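One structure below.
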Amino acid sequence: MTDLFQAADLAARPAPRPVRGFAALKPSGRFERHGKAVLFVHHCAKCGSVDAPFGYLCHLGPAMDAGDARKAGIWLCADCRDVVLAEEDAA
């Protein structure tokens, strides 16, 4: 149970800022095996579009070495790229 002072303290705290930009996105790549080859496949981290040619915070070599596609960065389509970059500039 909270007392009167705790309730006032909680009410006086500022609301948490919404997470925006690259911090709000999760890496969107994965590795797929096709016969003897392993391909890196990615989709847009914001909208899920299949066509996402723009990579940010990418480290493909370490991702391939570790076998962890999440280390391969955040991939965005052209429309989402503009939105995320605008959010990053505003922050």
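Chain lettering (A, B, ...) mirrors the order of the structure tokens, residue numbering begins at 1 for each chain separately, and ligand numbering begins at 1 in order of display.
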
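Near Cys58 in chain A, within a cut-off of 8 Å and counting only C-alpha atoms, sit the residues A:Lys71, A:Ala72, A:Gly73, A:Ile74, with same-chain residues fewer than 6 positions away left out.
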
I need the chosen residues saved as a compact mmCIF listing (two decimals), in the first residue's frame, with C-alpha atoms.
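out.txt, written as the output of this step:
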```
# COMPACT_ATOMS: atom_id res chain seq x y z
CA LYS A 71 24.63 -9.07 -35.13
CA ALA A 72 24.21 -8.14 -38.80
CA GLY A 73 22.47 -4.86 -38.06
CA ILE A 74 19.23 -3.07 -38.77
```

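If only C-alpha atoms are the atoms counted, then among A:Gly21, A:Gly67, A:Pro27, A:Pro62 the closest residue to Arg81 in chain A is A:Gly21.
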
Problem - Close residues, Ala52 in chain A itself excluded, 6 Å, only C-alpha atoms, min 6 positions apart in chain, as JSON, numbers by chain - result: {"A": [43, 44, 75, 76, 77]}
